[in-house]
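Report on the following structure.
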Amino acid sequence: MQRRRRFKQATSLQERLTEFAKVARQRAKAMPPGKDREMLLRQAREADTGSHIEE
């Protein structure tokens with residue numbers, strides 16, 4: 001039987017989601033308008049929503 005590799009997260013889920021949203025917005029700002037940029041902005045909005053739900 002295989003054992004699961006488990007580890008403790010150093011930061012909370014809310015902090016990780018907030019950081020992901022910030023990085024995604026920075027990356028989207030550097031991209032030209034298009035499908036990929038919109039996808040990053042959508043992911044950032046979803047991460048913000050998730051962090052607010054976690055509150």
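By order of appearance in the structure tokens: chains A, B, ..., then residues from 1 within every chain, and ligands from 1 in the order shown.
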For segment 10-27 of chain A, please output as a VMD selection string all residues within 6 Å (counting only C-alpha atoms; exclusion window: fewer than 3 positions along the same chain).
chain A and resid 30 40 44 47 51
Just the selected residues (C-alpha atoms), exported as a JSON list (two decimals), in the first residue's frame, please.
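Wrote it out as selection-v8.json, contents follow:
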[["chain", "number", "residue", "atom", "x", "y", "z"],
["A", 30, "ALA", "CA", 1.95, 42.71, -19.24],
["A", 40, "LEU", "CA", -5.80, 35.25, -16.34],
["A", 44, "ALA", "CA", -7.79, 36.35, -10.56],
["A", 47, "ALA", "CA", -9.33, 33.57, -6.58],
["A", 51, "SER", "CA", -10.62, 34.26, -0.58]]
According to DSSP computed on the backbone, where in chain A is there alpha helix (DSSP H)? Give the residues as a PyMOL selection string.
chain A and resi 13-30+35-54
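Straight-line separation from atom CA of Thr49 of chain A to atom CA of Lys8 of chain A: 23.6 Å.
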Separation of atom CA of Gln9 of chain A from atom CA of Gly50 of chain A in Å:
17.2 Å
Just the number, please: distance in Å from atom CA of Ala28 of chain A to atom CA of Arg45 of chain A, one decimal.
12.1 Å
